[in-house]
Amino acid sequence: MQRAYGIWAPIYDRAVRGFSEPLRKRSLRQIPQDTSCQVLIDGIGTGLDIPFLPAHCSAVGIDLTHAMLRRAQDLQPSIPLARADAESLPFADASFDFVVMHLILAVVPHAEQALAEASRVLKPHGRILLLDKFLRPGQKAWLRRGLGRLAGAIATHTDITFEDVLAGRPELHCVHDEPAAIGGWFRLITLEKQA
């Protein structure tokens, strides 16, 4: 995965910015504009979320790929960045008010583990903001399921059913779920952690 995204880093923005920018902006509007909060950008990539973060929030970004982190650092040197694995976050329990996971759950090898870690570092009543390509339960999507095996080895999975990933996290409640782009291939989802 590190090698694949090291190769992707120079062209990543051109590949995803067009369709993802308005969706990132809409997702990040959920972060309050008038109160301070702690935000983890889990899988910050090249930093495409950074321009849409409220100025008052304290953010930190992690990514597994050095090339992605370098690009994010160039965009916003003031945001602390760390090379870290979304499946094993280097933060204490209940550290963040928001965990942003844009285009990361379908990339990591074990989506359930990455979501479990995001939940662990999230404060009670905190929210996880998701944007990714997820199937719905029972959705046929033969092309996506067929591509999933090949694409997963190269860069991203196209065959993940989000509800299967969420099933192991009873503390997370879905408060928003909408089709987002490319005919519903992508979904904007908000999860809230119960106390």
# chains A, B, ... in the order shown; residues from 1 in each chain; ligands from 1

$ residues_around --residues "stretch 97-108 of chain A" --least-positions-apart "4" --cutoff "7 Å" --atoms "only C-alpha atoms" --output "list in words"
Cys37, Gln38, Val39, Leu40, Ile41, Asp42, Gly43, Ala114, Ala118, Leu122, Lys123, Gly126, Arg127, Ile128, Leu129, Leu130, Leu131, Asp132, Lys133, Ala155, Thr156, His157 and Ile160 of chain A

$ residues_around --residues "stretch 74-87 of chain A" --least-positions-apart "2" --cutoff "7 Å" --atoms "only C-alpha atoms" --output "PyMOL selection string"
chain A and resi 42-43+47+59-66+70-72+89+113-114+117

$ closest_residue --among "A:Pro124, A:Pro109, A:Gly184, A:Pro32" --to "A:Glu171" --atoms "only C-alpha atoms"
A:Pro124

$ atom_distance --atom1 "atom CA of A:Ala195" --atom2 "atom CA of A:Ser36"
20.2 Å

$ atom_distance --atom1 "atom CA of A:Leu28" --atom2 "atom CA of A:Pro54"
8.3 Å

$ closest_residue --among "A:Phe186, A:Ser88, A:Arg24, A:Leu53" --to "A:Asp159" --atoms "only C-alpha atoms"
A:Phe186

$ residues_around --residues "A:Phe162" --least-positions-apart "5" --cutoff "12 Å" --atoms "only C-alpha atoms" --output "JSON, numbers by chain"
{"A": [105, 106, 111, 112, 115, 130, 131, 132, 133, 134, 135, 136, 137, 138, 139, 157, 167, 168, 169, 174, 177, 185, 186, 187, 188, 189, 191]}
